[in-house]
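Some notes on the structure that comes next.
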Amino acid sequence: MNRHVKCKTRKLHPKRLPNVQKDPVGVYLRVRPLSTEDEECCIEVISSTTAQLHPPEGFKVNRNGEYKEMQYSFKKVFGVSVSQMELFEHVAKPLVDDLIHGKNGLLFTYGVTGSGKTFTMTGCPGQGGLLPRSLDMIFNSIGPYQAKRYVFKTDDKNCMDLQCEVDALLERQRRDNNISVPKAPSTRPRIDPEIGDMINSEETCKAEVVDEDSSYSVFISYIEVYNNYIYDLLEETQEDTVKPKWNGGGTPVRQNTEFIPPQSKVLREDQNRTMYVAGCMEVEVKSAEEAFQVFWRGQKKRKVANTRLNRESSRSHSVFIIKLAQVPLDADGDNILQDKNQVSVSQLCLVDLAGSERTGRTGAEGTRIREAGNINQSLLNLRTCIEILRENQMCGTNKMVPYRDSKVTHLFKNYFDGEGKVRMVVCVNPKADDYEETLLVMRFAEVTQEVQVARPVDRPICGFTPGRRYRNQAFKEELSHKLECGGPRDKDGISALSNLVLPPLPTSELMDPHDDITLPRLIEALQKRERIRHDMIEEYNKAANMMSILIQELDSNLTSKDHLIQEQNGRLLEKDKVIQSNKAEIERLEKKNKNQEHKMDYLQKTTKIYEDDKRTMKQELESTGQRLQRELSERRRMEQHMHGMVSDTQHKWEKECERRVNAMRLEMENKLWVKDEKLKQLKAIVTESKTPGRPDPPPRQPRPQIPSREERRPAKRSISPPVLPTTTPVRPLHRRSRSAGGEKWVDHKPSSSLDLGTVLQPVIPNAIQVSAPNEKALSKCDKYVLTHQEVASDGEIQTKLIKGDVIKTRGGGQAVQFTDIETLKQQLTTNTSRKRKSSEGAAASGDQKDGSWTDVETRCSVALEMKAGSKMAPGYEHHGMSKRRKP
């Protein structure tokens with residue numbers, strides 16, 4: 001005998017059926033009541049199947065600027081006064097009846113945020129929604145026919161394992177032993193006050209026809225699609241309920257070892273090409289109360305948030321899946337049939353879609369904007385799939401339906417492409433602010449009604465005699481009763497009346513007229529029978545008298561007891577009235593207590609949401625304060641740095657201005673002195689030309705000693721050698737270099753520098769020569785010089801020594817502040833011939849010697865240029881050069 005039997009969910013793909021009957025998607029409309037009576041309404045229920053949508057005041061929808069009213073038809077329209085029970089009777093009850101008969105179904109709510117979708121699906125205490133009423137109907141119908149726990153077992157591949165009752169009993173014992181603290185059997189589990197009275201006892205219902213010759217088992221699972229990720233709401237995880245951590249992609253991140261975030265589930269396809277959530281937890285339940293508890297445990301983990309339009313807005317799509325496994329009994333009607341081909345699994349999906357919303361109206365920020373974007377994108381993809389399905393069915397096209405673009409549509413792919421009933425409840429809010437979004441919802445509902453879905457087929461009959469469960473049970477009861485009552489009689493239990501039996505009459509044949517034996521024997525037997533009869537009559541009379549006496553006594557006793565009973569009944573009636581009043585008071589207090597508990601839980605949730613927002617805002621405020629403090633300290637540091645730079649720059653420019661003023665003054669004094677010397681020489685020449693004897697000139701007066709720049713300010717020896725007489729003197733305002741001191745220099749000579757081959761080169765002692773400056777070299781030195789070569793305007797190579805000071809920065813680095821530029825120019829020397837006096841005996845070859853100059857014109861054409869700050873007088877030693885003439 002096989003203990004474990006794998007069963008398959010039998011599906012018939014529509015492509016394999018030659019003639020598939022299809023039904024349209026059933027779309028129902030439910031209108032939510034307005035929050036206030038004086039609020040403007042934009043929806044009017046015309047009939048049981050038609051609703052009219054008219055724009056609010058100030059909203060123009062027609063090209064001519066006139067109001068345009070539109071009517072939409074549905075399978076049924078439920079107004080604001082409809083009850084939850086009436087909605088269930090028309091929408092969900094047929095789907096539950098099909099589920100019990102082995103057929104699949106899909107029911108989902110659709111609408112704008114705050115339109116009543118969660119209330120329609122879940123409800124509230126005293127007004128249970130579609131989901132709790134469906135569970136109640138399922139267990140009311142199959143309650144007596146449920147199999148023992150663990151007879152059916154789910155696996156990881158969307159199939160079920162079937163095991164015998166012995167193995168199920170062993171597994172129950174094993175799991176009971178694993179429970180650390182077992183509950184007392186008399187202790188009733190505490191029911192959550194929010195779901196305690198979802199359904200009143202008078203509103204319960206059950207299926208009309210149930211296969212009594214089958215065993216059933218119910219499995220439920222609860223998932224949510226959040227930011228296009230699938231999470232199991234029934235999975236036991238150590239999730240931080242105060243403030244879960246989420247990254248920018250919408251998926252949870254792990255912050256420490258104690259917080260283990262839930263893992264996203266994946267969608268897979270089983271061997272029958274049916275989509276399912278891999279690794280999703282499926283719980284076997286045996287009563288509606290147990291199913292409510294499991295559902296509410298997952299409902300508390302669902303992602304909700306407080307928005308401007310809805311205090312508890314759903315931020316995810318929730319999917320509640322009910323699986324019903326059934327298998328027929330064997331021929332004896334005692335045990336389940338161990339045949340995998342006879343096992344049937346049907347499921348009903350109840351989906352609460354998150355509402356579409358506009359961030360401008362909800363005031364969403366940060367995470368809420370990302371959630372709203374993902375919700376709107378998934379709903380848009382659902383509308384796209386519906387429109388393409390409608391186009392393929394009505395126009396005969398074969399476009400690919402983008403189910404995989406969203407997890408919601410990918411999970412429900414089998415219902416639209418396979419078989420099963422699909423129904424949608426469109427929830428709308430009639431207020432004027434939701435008019436534009438309600439208009440889009442109405443158009444989508446109108447398109448959805450035109451989509452055809454394959455009709456589910458009936459489950460095949462197993463072939464056994466119907467009614468075998470109760471027929472065999474009745475036969476066993478009758479057999480046991482006969483075995484109990486059909487045993488041997490007790491010898492002492494024979495009644496006394498059994499001795500009073502009339503003796504049989506003897507044979508009375510008279511063959512001889514002289515026979516004297518037969519007649520006397522007959523007479524004796526008759527007399528004996530007479531005596532026995534007389535005795536029986538007496539005994540019966542005595543028994544009758546005794547019975548009458550007993551009856552009279554009993555009658556008197558009964559009369560007295562009747563009086564006593566009447567007195568006791570009167571007292572009981574009084575006690576019943578007190579009990580009824582107490583019961584009414586207890587019920588009133590219980591309802592009040594439940595309402596208070598509901599309000600407390602609601603306030604706790606609201607407080608929790610506000611605390612989360614407060615914590616978030618406090619953290620944002622702290623981070624903003626820290627950022628502002630950092631910016632303030634940075635600004636102060638920058639101000640100090642700028643003040644330091646301004647003072648340094650001001651001091652530097654003061655020194656530079658002082659240096660320039662001194663240099664300019666010295667230059668002007670030199671120019672005046674040169675002009676005076678020229679005038680004196682011109683006067684001497686003129687005087688010599690007039691006197692014939694030309695006496696010796698009077699001795700020249702020495703030039704007044706003007707303190708130079710170096711004398712006024714102690715200067716360091718220049719690193720460059722003195723300029724050769726053949727070179728062009730530098731600018732008069734150039735000061736001597738101060739790099740000849742004890743500072744350490746960085747001599748930066750690029751690798752492209754040319755060797756000029758001159759004798760005198762600038763030499764920098766105690767220097768580090770580098771081809772490219774680096775931080776290490778700059779950190780060891782105080783001065784910096786850069787050798788730069790370029791071609792001058794006359795075609796000669798000109799060398800510039802760019803000098804600077806190395807300054808330590810506050811950040812720990814080095815900076816170079818340039819202070820001076822020294823220019824060196826190479827020039828070829830040429831000996832120009834000078835005219836001498838005739839009295840000095842000049843050679844006939846034209847070579848002229850040193851001596852006096854010949855004429856005034858030649859002497860005046862010579863320009864004297866002296867080095868700035870030189871102590872030599874013009875008459876002591878000078879080098880003249882002829883002026884260049886313009887071409």
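Residue numbering restarts at 1 for every chain of the structure tokens, chains are lettered A, B, ... in their displayed order, and ligands are numbered from 1 as they appear.
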Skip range 210-218 of chain A itself and residues of its chain fewer than 6 positions away, then list as a VMD selection string all residues within 6 Å of it, counting only C-alpha atoms. chain A and resid 145 to 147 284 to 285 323 to 329 469
Pick out the residues sitting within 10 Å of range 296-299 of chain A, and hand them over as a ChimeraX atom specification; count only C-alpha atoms, and ignore anything fewer than 6 positions along from it in its own chain. /A:122,192,194-195,221-224,232-236,290,318,320
Would you kindly return, as a PyMOL selection string, each protein, DNA or RNA residue with an atom no farther than 9 Å from any atom of Ser346 in chain A, considering only C-alpha atoms and excluding same-chain residues fewer than 5 positions away? chain A and resi 9-10+98-105+322-326
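Taking only C-alpha atoms into account, Asp352 in chain A lies nearest to A:Met424 out of the set A:Val294, A:Met424, A:Val80, A:Leu756.
Excluding His54 in chain A itself and any same-chain residue fewer than 3 positions from it, the protein and nucleic acid residues within 9 Å of it, counting only C-alpha atoms, are Cys41, Cys42, Ile43, Glu44, Tyr67, Lys68, Glu69, Met70, Gln71 and Tyr435 of chain A.
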